[in-house]
Structure formats: C-alpha cells, structure tokens
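So this one's start02.pdb, PDB, N, CA and C atoms, pLDDT in the B column:
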ATOM      1  N   MET O  78     101.334  91.184 103.876  1.00 96.00           N
ATOM      2  CA  MET O  78     100.113  90.910 103.132  1.00 96.00           C
ATOM      3  C   MET O  78      98.962  90.817 104.138  1.00 96.00           C
ATOM      4  N   VAL O  79      97.867  91.473 103.845  1.00 98.00           N
ATOM      5  CA  VAL O  79      96.657  91.360 104.658  1.00 98.00           C
ATOM      6  C   VAL O  79      95.522  90.836 103.787  1.00 98.00           C
ATOM      7  N   ARG O  80      94.591  90.181 104.422  1.00 98.00           N
ATOM      8  CA  ARG O  80      93.410  89.684 103.721  1.00 98.00           C
ATOM      9  C   ARG O  80      92.242  90.576 104.102  1.00 98.00           C
ATOM     10  N   LEU O  81      91.550  91.101 103.105  1.00 98.00           N
ATOM     11  CA  LEU O  81      90.393  91.963 103.317  1.00 98.00           C
ATOM     12  C   LEU O  81      89.140  91.201 102.928  1.00 98.00           C
ATOM     13  N   LEU O  82      88.108  91.298 103.758  1.00 98.00           N
ATOM     14  CA  LEU O  82      86.828  90.645 103.505  1.00 98.00           C
ATOM     15  C   LEU O  82      85.713  91.677 103.574  1.00 98.00           C
ATOM     16  N   PHE O  83      84.736  91.543 102.685  1.00 98.00           N
ATOM     17  CA  PHE O  83      83.592  92.459 102.645  1.00 98.00           C
ATOM     18  C   PHE O  83      82.329  91.608 102.635  1.00 98.00           C
ATOM     19  N   PHE O  84      81.400  91.908 103.533  1.00 97.00           N
ATOM     20  CA  PHE O  84      80.227  91.074 103.712  1.00 97.00           C
ATOM     21  C   PHE O  84      78.921  91.756 103.304  1.00 97.00           C
ATOM     22  N   ALA O  85      77.970  90.916 102.907  1.00 95.00           N
ATOM     23  CA  ALA O  85      76.573  91.281 102.637  1.00 95.00           C
ATOM     24  C   ALA O  85      76.478  92.453 101.652  1.00 95.00           C
ATOM     25  N   SER O  86      75.771  93.515 102.040  1.00 94.00           N
ATOM     26  CA  SER O  86      75.532  94.629 101.117  1.00 94.00           C
ATOM     27  C   SER O  86      76.829  95.342 100.727  1.00 94.00           C
ATOM     28  N   LEU O  87      77.847  95.295 101.578  1.00 96.00           N
ATOM     29  CA  LEU O  87      79.132  95.899 101.216  1.00 96.00           C
ATOM     30  C   LEU O  87      79.745  95.142 100.048  1.00 96.00           C
ATOM     31  N   ARG O  88      79.686  93.831 100.115  1.00 97.00           N
ATOM     32  CA  ARG O  88      80.202  92.985  99.022  1.00 97.00           C
ATOM     33  C   ARG O  88      79.474  93.311  97.726  1.00 97.00           C
ATOM     34  N   GLU O  89      78.162  93.463  97.810  1.00 96.00           N
ATOM     35  CA  GLU O  89      77.371  93.764  96.619  1.00 96.00           C
ATOM     36  C   GLU O  89      77.702  95.148  96.060  1.00 96.00           C
ATOM     37  N   SER O  90      77.829  96.137  96.922  1.00 96.00           N
ATOM     38  CA  SER O  90      78.135  97.499  96.468  1.00 96.00           C
ATOM     39  C   SER O  90      79.526  97.609  95.858  1.00 96.00           C
ATOM     40  N   LEU O  91      80.501  96.944  96.477  1.00 97.00           N
ATOM     41  CA  LEU O  91      81.887  97.057  96.028  1.00 97.00           C
ATOM     42  C   LEU O  91      82.226  96.099  94.895  1.00 97.00           C
ATOM     43  N   GLY O  92      81.418  95.056  94.739  1.00 97.00           N
ATOM     44  CA  GLY O  92      81.661  94.084  93.677  1.00 97.00           C
ATOM     45  C   GLY O  92      82.819  93.140  93.954  1.00 97.00           C
ATOM     46  N   VAL O  93      83.182  93.001  95.229  1.00 97.00           N
ATOM     47  CA  VAL O  93      84.283  92.118  95.619  1.00 97.00           C
ATOM     48  C   VAL O  93      83.980  91.553  97.008  1.00 97.00           C
ATOM     49  N   ASP O  94      84.320  90.284  97.204  1.00 97.00           N
ATOM     50  CA  ASP O  94      84.106  89.716  98.535  1.00 97.00           C
ATOM     51  C   ASP O  94      85.397  89.613  99.340  1.00 97.00           C
ATOM     52  N   SER O  95      86.545  89.549  98.650  1.00 98.00           N
ATOM     53  CA  SER O  95      87.811  89.496  99.372  1.00 98.00           C
ATOM     54  C   SER O  95      88.957  89.936  98.468  1.00 98.00           C
ATOM     55  N   GLU O  96      90.045  90.326  99.126  1.00 98.00           N
ATOM     56  CA  GLU O  96      91.272  90.715  98.437  1.00 98.00           C
ATOM     57  C   GLU O  96      92.444  90.383  99.350  1.00 98.00           C
ATOM     58  N   GLN O  97      93.589  90.152  98.756  1.00 98.00           N
ATOM     59  CA  GLN O  97      94.831  90.074  99.511  1.00 98.00           C
ATOM     60  C   GLN O  97      95.743  91.163  98.974  1.00 98.00           C
ATOM     61  N   LEU O  98      96.221  92.002  99.883  1.00 96.00           N
ATOM     62  CA  LEU O  98      97.019  93.159  99.466  1.00 96.00           C
ATOM     63  C   LEU O  98      98.262  93.321 100.319  1.00 96.00           C
ATOM     64  N   GLU O  99      99.289  93.819  99.684  1.00 96.00           N
ATOM     65  CA  GLU O  99     100.469  94.297 100.390  1.00 96.00           C
ATOM     66  C   GLU O  99     100.204  95.776 100.658  1.00 96.00           C
ATOM     67  N   LEU O 100     100.192  96.172 101.910  1.00 95.00           N
ATOM     68  CA  LEU O 100      99.860  97.551 102.245  1.00 95.00           C
ATOM     69  C   LEU O 100     101.088  98.452 102.202  1.00 95.00           C
ATOM     70  N   PRO O 101     100.893  99.701 101.773  1.00 95.00           N
ATOM     71  CA  PRO O 101     101.988 100.677 101.864  1.00 95.00           C
ATOM     72  C   PRO O 101     102.411 100.833 103.328  1.00 95.00           C
ATOM     73  N   GLY O 102     103.649 101.228 103.550  1.00 94.00           N
ATOM     74  CA  GLY O 102     104.184 101.352 104.900  1.00 94.00           C
ATOM     75  C   GLY O 102     103.462 102.329 105.803  1.00 94.00           C
ATOM     76  N   ASP O 103     102.782 103.310 105.212  1.00 95.00           N
ATOM     77  CA  ASP O 103     102.098 104.301 106.042  1.00 95.00           C
ATOM     78  C   ASP O 103     100.699 103.852 106.467  1.00 95.00           C
ATOM     79  N   ILE O 104     100.269 102.686 106.054  1.00 97.00           N
ATOM     80  CA  ILE O 104      98.966 102.152 106.475  1.00 97.00           C
ATOM     81  C   ILE O 104      99.207 101.273 107.697  1.00 97.00           C
ATOM     82  N   THR O 105      98.936 101.834 108.876  1.00 97.00           N
ATOM     83  CA  THR O 105      99.254 101.132 110.115  1.00 97.00           C
ATOM     84  C   THR O 105      98.053 100.871 111.014  1.00 97.00           C
ATOM     85  N   ASP O 106      96.888 101.450 110.654  1.00 98.00           N
ATOM     86  CA  ASP O 106      95.699 101.206 111.473  1.00 98.00           C
ATOM     87  C   ASP O 106      94.455 101.184 110.588  1.00 98.00           C
ATOM     88  N   ILE O 107      93.326 100.851 111.212  1.00 98.00           N
ATOM     89  CA  ILE O 107      92.068 100.704 110.471  1.00 98.00           C
ATOM     90  C   ILE O 107      91.655 102.009 109.801  1.00 98.00           C
ATOM     91  N   THR O 108      91.847 103.127 110.477  1.00 97.00           N
ATOM     92  CA  THR O 108      91.480 104.414 109.876  1.00 97.00           C
ATOM     93  C   THR O 108      92.256 104.653 108.584  1.00 97.00           C
ATOM     94  N   ALA O 109      93.559 104.468 108.633  1.00 98.00           N
ATOM     95  CA  ALA O 109      94.392 104.694 107.440  1.00 98.00           C
ATOM     96  C   ALA O 109      94.040 103.701 106.335  1.00 98.00           C
ATOM     97  N   LEU O 110      93.781 102.451 106.697  1.00 98.00           N
ATOM     98  CA  LEU O 110      93.418 101.445 105.702  1.00 98.00           C
ATOM     99  C   LEU O 110      92.093 101.790 105.042  1.00 98.00           C
ATOM    100  N   THR O 111      91.116 102.154 105.842  1.00 97.00           N
ATOM    101  CA  THR O 111      89.802 102.511 105.289  1.00 97.00           C
ATOM    102  C   THR O 111      89.909 103.742 104.398  1.00 97.00           C
ATOM    103  N   ASP O 112      90.646 104.753 104.840  1.00 97.00           N
ATOM    104  CA  ASP O 112      90.845 105.954 104.024  1.00 97.00           C
ATOM    105  C   ASP O 112      91.505 105.608 102.691  1.00 97.00           C
ATOM    106  N   TRP O 113      92.510 104.746 102.732  1.00 98.00           N
ATOM    107  CA  TRP O 113      93.232 104.327 101.528  1.00 98.00           C
ATOM    108  C   TRP O 113      92.293 103.620 100.553  1.00 98.00           C
ATOM    109  N   LEU O 114      91.442 102.730 101.084  1.00 98.00           N
ATOM    110  CA  LEU O 114      90.482 102.031 100.226  1.00 98.00           C
ATOM    111  C   LEU O 114      89.423 102.995  99.677  1.00 98.00           C
ATOM    112  N   GLN O 115      88.980 103.941 100.491  1.00 98.00           N
ATOM    113  CA  GLN O 115      87.975 104.907 100.058  1.00 98.00           C
ATOM    114  C   GLN O 115      88.487 105.782  98.907  1.00 98.00           C
ATOM    115  N   ALA O 116      89.775 105.955  98.815  1.00 98.00           N
ATOM    116  CA  ALA O 116      90.349 106.786  97.753  1.00 98.00           C
ATOM    117  C   ALA O 116      90.273 106.110  96.381  1.00 98.00           C
ATOM    118  N   ARG O 117      89.876 104.848  96.332  1.00 97.00           N
ATOM    119  CA  ARG O 117      89.782 104.137  95.048  1.00 97.00           C
ATOM    120  C   ARG O 117      88.788 104.798  94.105  1.00 97.00           C
ATOM    121  N   ASN O 118      87.597 105.068  94.599  1.00 98.00           N
ATOM    122  CA  ASN O 118      86.580 105.749  93.794  1.00 98.00           C
ATOM    123  C   ASN O 118      85.389 106.103  94.683  1.00 98.00           C
ATOM    124  N   GLU O 119      84.400 106.756  94.113  1.00 98.00           N
ATOM    125  CA  GLU O 119      83.253 107.242  94.884  1.00 98.00           C
ATOM    126  C   GLU O 119      82.461 106.109  95.535  1.00 98.00           C
ATOM    127  N   THR O 120      82.332 104.987  94.851  1.00 97.00           N
ATOM    128  CA  THR O 120      81.598 103.853  95.433  1.00 97.00           C
ATOM    129  C   THR O 120      82.284 103.373  96.703  1.00 97.00           C
ATOM    130  N   TRP O 121      83.588 103.211  96.655  1.00 98.00           N
ATOM    131  CA  TRP O 121      84.334 102.792  97.847  1.00 98.00           C
ATOM    132  C   TRP O 121      84.227 103.856  98.940  1.00 98.00           C
ATOM    133  N   HIS O 122      84.335 105.119  98.540  1.00 98.00           N
ATOM    134  CA  HIS O 122      84.249 106.210  99.515  1.00 98.00           C
ATOM    135  C   HIS O 122      82.909 106.188 100.250  1.00 98.00           C
ATOM    136  N   THR O 123      81.836 106.085  99.495  1.00 96.00           N
ATOM    137  CA  THR O 123      80.501 106.103 100.087  1.00 96.00           C
ATOM    138  C   THR O 123      80.227 104.846 100.908  1.00 96.00           C
ATOM    139  N   THR O 124      80.562 103.705 100.357  1.00 96.00           N
ATOM    140  CA  THR O 124      80.251 102.434 101.018  1.00 96.00           C
ATOM    141  C   THR O 124      80.994 102.286 102.342  1.00 96.00           C
ATOM    142  N   LEU O 125      82.289 102.519 102.341  1.00 97.00           N
ATOM    143  CA  LEU O 125      83.061 102.354 103.573  1.00 97.00           C
ATOM    144  C   LEU O 125      82.982 103.577 104.478  1.00 97.00           C
ATOM    145  N   GLY O 126      82.451 104.687 103.964  1.00 95.00           N
ATOM    146  CA  GLY O 126      82.330 105.906 104.752  1.00 95.00           C
ATOM    147  C   GLY O 126      81.122 105.945 105.665  1.00 95.00           C
ATOM    148  N   ASN O 127      80.239 104.976 105.536  1.00 93.00           N
ATOM    149  CA  ASN O 127      79.065 104.911 106.405  1.00 93.00           C
ATOM    150  C   ASN O 127      79.523 104.682 107.844  1.00 93.00           C
ATOM    151  N   PRO O 128      79.188 105.587 108.764  1.00 92.00           N
ATOM    152  CA  PRO O 128      79.653 105.433 110.145  1.00 92.00           C
ATOM    153  C   PRO O 128      79.073 104.200 110.855  1.00 92.00           C
ATOM    154  N   GLN O 129      78.066 103.585 110.280  1.00 93.00           N
ATOM    155  CA  GLN O 129      77.471 102.383 110.867  1.00 93.00           C
ATOM    156  C   GLN O 129      78.240 101.107 110.504  1.00 93.00           C
ATOM    157  N   VAL O 130      79.138 101.178 109.523  1.00 96.00           N
ATOM    158  CA  VAL O 130      79.915 100.021 109.107  1.00 96.00           C
ATOM    159  C   VAL O 130      80.856  99.613 110.244  1.00 96.00           C
ATOM    160  N   ARG O 131      80.937  98.321 110.503  1.00 96.00           N
ATOM    161  CA  ARG O 131      81.801  97.782 111.546  1.00 96.00           C
ATOM    162  C   ARG O 131      82.995  97.074 110.916  1.00 96.00           C
ATOM    163  N   VAL O 132      84.100  97.067 111.642  1.00 97.00           N
ATOM    164  CA  VAL O 132      85.325  96.430 111.159  1.00 97.00           C
ATOM    165  C   VAL O 132      85.810  95.439 112.213  1.00 97.00           C
ATOM    166  N   ALA O 133      86.280  94.291 111.739  1.00 98.00           N
ATOM    167  CA  ALA O 133      86.876  93.293 112.622  1.00 98.00           C
ATOM    168  C   ALA O 133      88.282  92.982 112.126  1.00 98.00           C
ATOM    169  N   VAL O 134      89.187  92.795 113.056  1.00 98.00           N
ATOM    170  CA  VAL O 134      90.540  92.349 112.748  1.00 98.00           C
ATOM    171  C   VAL O 134      90.718  90.992 113.416  1.00 98.00           C
ATOM    172  N   ASN O 135      91.036  90.002 112.610  1.00 98.00           N
ATOM    173  CA  ASN O 135      91.206  88.636 113.104  1.00 98.00           C
ATOM    174  C   ASN O 135      89.996  88.185 113.922  1.00 98.00           C
ATOM    175  N   GLN O 136      88.819  88.501 113.397  1.00 97.00           N
ATOM    176  CA  GLN O 136      87.518  88.084 113.904  1.00 97.00           C
ATOM    177  C   GLN O 136      87.111  88.734 115.221  1.00 97.00           C
ATOM    178  N   ALA O 137      87.714  89.858 115.570  1.00 97.00           N
ATOM    179  CA  ALA O 137      87.314  90.634 116.745  1.00 97.00           C
ATOM    180  C   ALA O 137      86.976  92.045 116.293  1.00 97.00           C
ATOM    181  N   VAL O 138      85.772  92.523 116.625  1.00 96.00           N
ATOM    182  CA  VAL O 138      85.358  93.872 116.248  1.00 96.00           C
ATOM    183  C   VAL O 138      86.281  94.875 116.948  1.00 96.00           C
ATOM    184  N   VAL O 139      86.737  95.867 116.166  1.00 97.00           N
ATOM    185  CA  VAL O 139      87.710  96.833 116.676  1.00 97.00           C
ATOM    186  C   VAL O 139      87.261  98.258 116.391  1.00 97.00           C
ATOM    187  N   LYS O 140      87.921  99.188 117.036  1.00 95.00           N
ATOM    188  CA  LYS O 140      87.687 100.615 116.809  1.00 95.00           C
ATOM    189  C   LYS O 140      88.608 101.107 115.686  1.00 95.00           C
ATOM    190  N   PRO O 141      88.313 102.288 115.119  1.00 91.00           N
ATOM    191  CA  PRO O 141      89.067 102.787 113.961  1.00 91.00           C
ATOM    192  C   PRO O 141      90.581 102.868 114.139  1.00 91.00           C
ATOM    193  N   GLY O 142      91.092 103.188 115.293  1.00 95.00           N
ATOM    194  CA  GLY O 142      92.533 103.327 115.478  1.00 95.00           C
ATOM    195  C   GLY O 142      93.280 102.027 115.710  1.00 95.00           C
ATOM    196  N   HIS O 143      92.576 100.914 115.644  1.00 98.00           N
ATOM    197  CA  HIS O 143      93.210  99.615 115.906  1.00 98.00           C
ATOM    198  C   HIS O 143      94.324  99.346 114.890  1.00 98.00           C
ATOM    199  N   PRO O 144      95.473  98.825 115.334  1.00 98.00           N
ATOM    200  CA  PRO O 144      96.577  98.553 114.408  1.00 98.00           C
ATOM    201  C   PRO O 144      96.243  97.466 113.386  1.00 98.00           C
ATOM    202  N   VAL O 145      96.868  97.582 112.224  1.00 98.00           N
ATOM    203  CA  VAL O 145      96.792  96.553 111.182  1.00 98.00           C
ATOM    204  C   VAL O 145      98.222  96.106 110.917  1.00 98.00           C
ATOM    205  N   ARG O 146      98.419  94.790 110.966  1.00 96.00           N
ATOM    206  CA  ARG O 146      99.765  94.236 110.780  1.00 96.00           C
ATOM    207  C   ARG O 146      99.757  93.196 109.668  1.00 96.00           C
ATOM    208  N   ASP O 147     100.924  92.947 109.144  1.00 95.00           N
ATOM    209  CA  ASP O 147     101.094  91.910 108.141  1.00 95.00           C
ATOM    210  C   ASP O 147     100.519  90.593 108.664  1.00 95.00           C
ATOM    211  N   GLY O 148      99.737  89.917 107.828  1.00 97.00           N
ATOM    212  CA  GLY O 148      99.127  88.648 108.205  1.00 97.00           C
ATOM    213  C   GLY O 148      97.726  88.772 108.774  1.00 97.00           C
ATOM    214  N   ASP O 149      97.271  89.996 109.046  1.00 98.00           N
ATOM    215  CA  ASP O 149      95.927  90.192 109.608  1.00 98.00           C
ATOM    216  C   ASP O 149      94.837  89.917 108.575  1.00 98.00           C
ATOM    217  N   GLU O 150      93.688  89.541 109.095  1.00 98.00           N
ATOM    218  CA  GLU O 150      92.460  89.453 108.302  1.00 98.00           C
ATOM    219  C   GLU O 150      91.565  90.596 108.777  1.00 98.00           C
ATOM    220  N   VAL O 151      91.174  91.462 107.848  1.00 98.00           N
ATOM    221  CA  VAL O 151      90.348  92.625 108.176  1.00 98.00           C
ATOM    222  C   VAL O 151      89.026  92.482 107.438  1.00 98.00           C
ATOM    223  N   ALA O 152      87.923  92.565 108.192  1.00 98.00           N
ATOM    224  CA  ALA O 152      86.601  92.366 107.604  1.00 98.00           C
ATOM    225  C   ALA O 152      85.712  93.567 107.898  1.00 98.00           C
ATOM    226  N   TRP O 153      84.946  93.971 106.891  1.00 97.00           N
ATOM    227  CA  TRP O 153      83.975  95.059 107.020  1.00 97.00           C
ATOM    228  C   TRP O 153      82.577  94.470 106.951  1.00 97.00           C
ATOM    229  N   PHE O 154      81.713  94.928 107.871  1.00 95.00           N
ATOM    230  CA  PHE O 154      80.339  94.452 107.968  1.00 95.00           C
ATOM    231  C   PHE O 154      79.377  95.626 107.865  1.00 95.00           C
ATOM    232  N   PRO O 155      78.261  95.447 107.164  1.00 93.00           N
ATOM    233  CA  PRO O 155      77.278  96.526 107.082  1.00 93.00           C
ATOM    234  C   PRO O 155      76.538  96.684 108.402  1.00 93.00           C
ATOM    235  N   PRO O 156      75.815  97.784 108.530  1.00 81.00           N
ATOM    236  CA  PRO O 156      75.000  97.965 109.735  1.00 81.00           C
ATOM    237  C   PRO O 156      74.040  96.793 109.908  1.00 81.00           C
ATOM    238  N   VAL O 157      73.837  96.407 111.141  1.00 76.00           N
ATOM    239  CA  VAL O 157      72.923  95.300 111.433  1.00 76.00           C
ATOM    240  C   VAL O 157      71.622  95.885 111.945  1.00 76.00           C
ATOM    241  N   THR O 158      70.531  95.375 111.403  1.00 62.00           N
ATOM    242  CA  THR O 158      69.224  95.811 111.892  1.00 62.00           C
ATOM    243  C   THR O 158      68.570  94.642 112.616  1.00 62.00           C
ATOM    244  N   GLY O 159      67.715  94.932 113.495  1.00 58.00           N
ATOM    245  CA  GLY O 159      67.027  93.880 114.247  1.00 58.00           C
ATOM    246  C   GLY O 159      65.565  94.205 114.359  1.00 58.00           C
ATOM    247  N   GLY O 160      64.873  93.302 114.945  1.00 55.00           N
ATOM    248  CA  GLY O 160      63.451  93.587 115.072  1.00 55.00           C
ATOM    249  C   GLY O 160      62.701  92.579 115.797  1.00 55.00           C
TER     250      GLY O 160
END

Here is a file; write its structure as structure tokens.
Amino acid sequence: MVRLLFFASLRESLGVDSEQLELPGDITDITALTDWLQARNETWHTTLGNPQVRVAVNQAVVKPGHPVRDGDEVAWFPPVTGG
C-alpha cells in the first residue's frame, strides 16, 4: 500500500488531496506510477503530465526513475513560481 498526496493546484484540478492504493506489481518507479495515474482520464493525464510538476517520495524530491515501494508516501507538487 502506498499513500499518494496531491498539493495546491494539483489537488484542485484532480479533485483529491490523498489516496491509499495497492499498486499493481508492474508499478515499480515514479515514471510507471505517474503513467498509471495519467491513464485514469484526460484531467489526470494533463495535470500530472506537466514537466514542471515535482514528485517527492517520503518527503525527498526525486527523479522520475526513483523506485516506489510498499509503505512509501508519494507526493506531487505543482510548479513553484517566485518573485
């Protein structure tokens, strides 16, 4: 079981702030997990497909190929702007 978190504008676009899911056996990294979630519908595809979106596993920002394991917390963050 993994815990998924979606923050700020991602939460608003997707209509969910968190989920707990049992992942299929072929979902072993962030890329596969994101692709699997994007297949839900066009909103998920567009929202998580933004290359500016950042992902953290267990509160550490990671790259797309980072492994996902049972018990992990995976969080998606929208692009950050500054000024």

Taking the file as I've supplied it (selection: the PyMOL selection byres ((chain O and resi 124-139) around 7)), which residues are included? Please answer as a PyMOL selection string. chain O and resi 87+111+115+119-123+140-143+149-157

Go ahead and save the picked residues with N, CA and C atoms, as a PDB file, in the coordinates of the input.
ATOM      1  N   LEU O  87      77.847  95.295 101.578  1.00 96.00           N
ATOM      2  CA  LEU O  87      79.132  95.899 101.216  1.00 96.00           C
ATOM      3  C   LEU O  87      79.745  95.142 100.048  1.00 96.00           C
ATOM      4  N   THR O 111      91.116 102.154 105.842  1.00 97.00           N
ATOM      5  CA  THR O 111      89.802 102.511 105.289  1.00 97.00           C
ATOM      6  C   THR O 111      89.909 103.742 104.398  1.00 97.00           C
ATOM      7  N   GLN O 115      88.980 103.941 100.491  1.00 98.00           N
ATOM      8  CA  GLN O 115      87.975 104.907 100.058  1.00 98.00           C
ATOM      9  C   GLN O 115      88.487 105.782  98.907  1.00 98.00           C
ATOM     10  N   GLU O 119      84.400 106.756  94.113  1.00 98.00           N
ATOM     11  CA  GLU O 119      83.253 107.242  94.884  1.00 98.00           C
ATOM     12  C   GLU O 119      82.461 106.109  95.535  1.00 98.00           C
ATOM     13  N   THR O 120      82.332 104.987  94.851  1.00 97.00           N
ATOM     14  CA  THR O 120      81.598 103.853  95.433  1.00 97.00           C
ATOM     15  C   THR O 120      82.284 103.373  96.703  1.00 97.00           C
ATOM     16  N   TRP O 121      83.588 103.211  96.655  1.00 98.00           N
ATOM     17  CA  TRP O 121      84.334 102.792  97.847  1.00 98.00           C
ATOM     18  C   TRP O 121      84.227 103.856  98.940  1.00 98.00           C
ATOM     19  N   HIS O 122      84.335 105.119  98.540  1.00 98.00           N
ATOM     20  CA  HIS O 122      84.249 106.210  99.515  1.00 98.00           C
ATOM     21  C   HIS O 122      82.909 106.188 100.250  1.00 98.00           C
ATOM     22  N   THR O 123      81.836 106.085  99.495  1.00 96.00           N
ATOM     23  CA  THR O 123      80.501 106.103 100.087  1.00 96.00           C
ATOM     24  C   THR O 123      80.227 104.846 100.908  1.00 96.00           C
ATOM     25  N   LYS O 140      87.921  99.188 117.036  1.00 95.00           N
ATOM     26  CA  LYS O 140      87.687 100.615 116.809  1.00 95.00           C
ATOM     27  C   LYS O 140      88.608 101.107 115.686  1.00 95.00           C
ATOM     28  N   PRO O 141      88.313 102.288 115.119  1.00 91.00           N
ATOM     29  CA  PRO O 141      89.067 102.787 113.961  1.00 91.00           C
ATOM     30  C   PRO O 141      90.581 102.868 114.139  1.00 91.00           C
ATOM     31  N   GLY O 142      91.092 103.188 115.293  1.00 95.00           N
ATOM     32  CA  GLY O 142      92.533 103.327 115.478  1.00 95.00           C
ATOM     33  C   GLY O 142      93.280 102.027 115.710  1.00 95.00           C
ATOM     34  N   HIS O 143      92.576 100.914 115.644  1.00 98.00           N
ATOM     35  CA  HIS O 143      93.210  99.615 115.906  1.00 98.00           C
ATOM     36  C   HIS O 143      94.324  99.346 114.890  1.00 98.00           C
ATOM     37  N   ASP O 149      97.271  89.996 109.046  1.00 98.00           N
ATOM     38  CA  ASP O 149      95.927  90.192 109.608  1.00 98.00           C
ATOM     39  C   ASP O 149      94.837  89.917 108.575  1.00 98.00           C
ATOM     40  N   GLU O 150      93.688  89.541 109.095  1.00 98.00           N
ATOM     41  CA  GLU O 150      92.460  89.453 108.302  1.00 98.00           C
ATOM     42  C   GLU O 150      91.565  90.596 108.777  1.00 98.00           C
ATOM     43  N   VAL O 151      91.174  91.462 107.848  1.00 98.00           N
ATOM     44  CA  VAL O 151      90.348  92.625 108.176  1.00 98.00           C
ATOM     45  C   VAL O 151      89.026  92.482 107.438  1.00 98.00           C
ATOM     46  N   ALA O 152      87.923  92.565 108.192  1.00 98.00           N
ATOM     47  CA  ALA O 152      86.601  92.366 107.604  1.00 98.00           C
ATOM     48  C   ALA O 152      85.712  93.567 107.898  1.00 98.00           C
ATOM     49  N   TRP O 153      84.946  93.971 106.891  1.00 97.00           N
ATOM     50  CA  TRP O 153      83.975  95.059 107.020  1.00 97.00           C
ATOM     51  C   TRP O 153      82.577  94.470 106.951  1.00 97.00           C
ATOM     52  N   PHE O 154      81.713  94.928 107.871  1.00 95.00           N
ATOM     53  CA  PHE O 154      80.339  94.452 107.968  1.00 95.00           C
ATOM     54  C   PHE O 154      79.377  95.626 107.865  1.00 95.00           C
ATOM     55  N   PRO O 155      78.261  95.447 107.164  1.00 93.00           N
ATOM     56  CA  PRO O 155      77.278  96.526 107.082  1.00 93.00           C
ATOM     57  C   PRO O 155      76.538  96.684 108.402  1.00 93.00           C
ATOM     58  N   PRO O 156      75.815  97.784 108.530  1.00 81.00           N
ATOM     59  CA  PRO O 156      75.000  97.965 109.735  1.00 81.00           C
ATOM     60  C   PRO O 156      74.040  96.793 109.908  1.00 81.00           C
ATOM     61  N   VAL O 157      73.837  96.407 111.141  1.00 76.00           N
ATOM     62  CA  VAL O 157      72.923  95.300 111.433  1.00 76.00           C
ATOM     63  C   VAL O 157      71.622  95.885 111.945  1.00 76.00           C
TER      64      VAL O 157
END

Neighbour list for region 90-97 of chain O as a PyMOL selection string, cut-off 6 Å, all atoms listed in the file, skip fewer than 4 positions in-chain: chain O and resi 79-83+86

d(CA of Asp112 (chain O), CA of Met78 (chain O)) in Å: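 CA of Met78 (chain O) lies at a distance of 17.7 Å from CA of Asp112 (chain O).
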
Just the number, please: distance in Å from atom N of Ala109 (chain O) to atom N of Arg146 (chain O), one decimal. 11.1 Å

Written as a PyMOL selection string, what is the full residue list that the PyMOL selection byres ((chain O and resi 106) around 5) yields on the file shown? chain O and resi 104-105+107-110+142-145

Mind giving me the straight-line distance from atom C of Glu99 (chain O) to CA of Gly148 (chain O) in Å, one decimal?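 Going from atom C of Glu99 (chain O) over to CA of Gly148 (chain O) covers 10.4 Å.
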
Return as AutoDock Vina command-line options the box centre and box size in Å, one decimal, for an axis-aligned box around all listed atoms of region 104-117 of chain O padded by 3 Å per side.
--center_x 94.1 --center_y 103.7 --center_z 102.8 --size_x 18.3 --size_y 12.1 --size_z 23.4

Would you list, as a ChimeraX atom specification, the residues of chain O that end up in strand (DSSP E or B) under DSSP run on this structure's backbone? /O:79-83,95-98,106,131-134,137-139,144,150-154

Export, as a compact mmCIF listing (two decimals), in the frame of the given file, the selected residues with N, CA and C atoms.
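The file below, out_12.txt, is the result:
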# COMPACT_ATOMS: atom_id res chain seq x y z
N VAL O 79 97.87 91.47 103.84
CA VAL O 79 96.66 91.36 104.66
C VAL O 79 95.52 90.84 103.79
N ARG O 80 94.59 90.18 104.42
CA ARG O 80 93.41 89.68 103.72
C ARG O 80 92.24 90.58 104.10
N LEU O 81 91.55 91.10 103.10
CA LEU O 81 90.39 91.96 103.32
C LEU O 81 89.14 91.20 102.93
N LEU O 82 88.11 91.30 103.76
CA LEU O 82 86.83 90.64 103.50
C LEU O 82 85.71 91.68 103.57
N PHE O 83 84.74 91.54 102.68
CA PHE O 83 83.59 92.46 102.64
C PHE O 83 82.33 91.61 102.64
N SER O 95 86.54 89.55 98.65
CA SER O 95 87.81 89.50 99.37
C SER O 95 88.96 89.94 98.47
N GLU O 96 90.04 90.33 99.13
CA GLU O 96 91.27 90.72 98.44
C GLU O 96 92.44 90.38 99.35
N GLN O 97 93.59 90.15 98.76
CA GLN O 97 94.83 90.07 99.51
C GLN O 97 95.74 91.16 98.97
N LEU O 98 96.22 92.00 99.88
CA LEU O 98 97.02 93.16 99.47
C LEU O 98 98.26 93.32 100.32
N ASP O 106 96.89 101.45 110.65
CA ASP O 106 95.70 101.21 111.47
C ASP O 106 94.46 101.18 110.59
N ARG O 131 80.94 98.32 110.50
CA ARG O 131 81.80 97.78 111.55
C ARG O 131 83.00 97.07 110.92
N VAL O 132 84.10 97.07 111.64
CA VAL O 132 85.32 96.43 111.16
C VAL O 132 85.81 95.44 112.21
N ALA O 133 86.28 94.29 111.74
CA ALA O 133 86.88 93.29 112.62
C ALA O 133 88.28 92.98 112.13
N VAL O 134 89.19 92.80 113.06
CA VAL O 134 90.54 92.35 112.75
C VAL O 134 90.72 90.99 113.42
N ALA O 137 87.71 89.86 115.57
CA ALA O 137 87.31 90.63 116.74
C ALA O 137 86.98 92.04 116.29
N VAL O 138 85.77 92.52 116.62
CA VAL O 138 85.36 93.87 116.25
C VAL O 138 86.28 94.88 116.95
N VAL O 139 86.74 95.87 116.17
CA VAL O 139 87.71 96.83 116.68
C VAL O 139 87.26 98.26 116.39
N PRO O 144 95.47 98.82 115.33
CA PRO O 144 96.58 98.55 114.41
C PRO O 144 96.24 97.47 113.39
N GLU O 150 93.69 89.54 109.10
CA GLU O 150 92.46 89.45 108.30
C GLU O 150 91.56 90.60 108.78
N VAL O 151 91.17 91.46 107.85
CA VAL O 151 90.35 92.62 108.18
C VAL O 151 89.03 92.48 107.44
N ALA O 152 87.92 92.56 108.19
CA ALA O 152 86.60 92.37 107.60
C ALA O 152 85.71 93.57 107.90
N TRP O 153 84.95 93.97 106.89
CA TRP O 153 83.98 95.06 107.02
C TRP O 153 82.58 94.47 106.95
N PHE O 154 81.71 94.93 107.87
CA PHE O 154 80.34 94.45 107.97
C PHE O 154 79.38 95.63 107.86
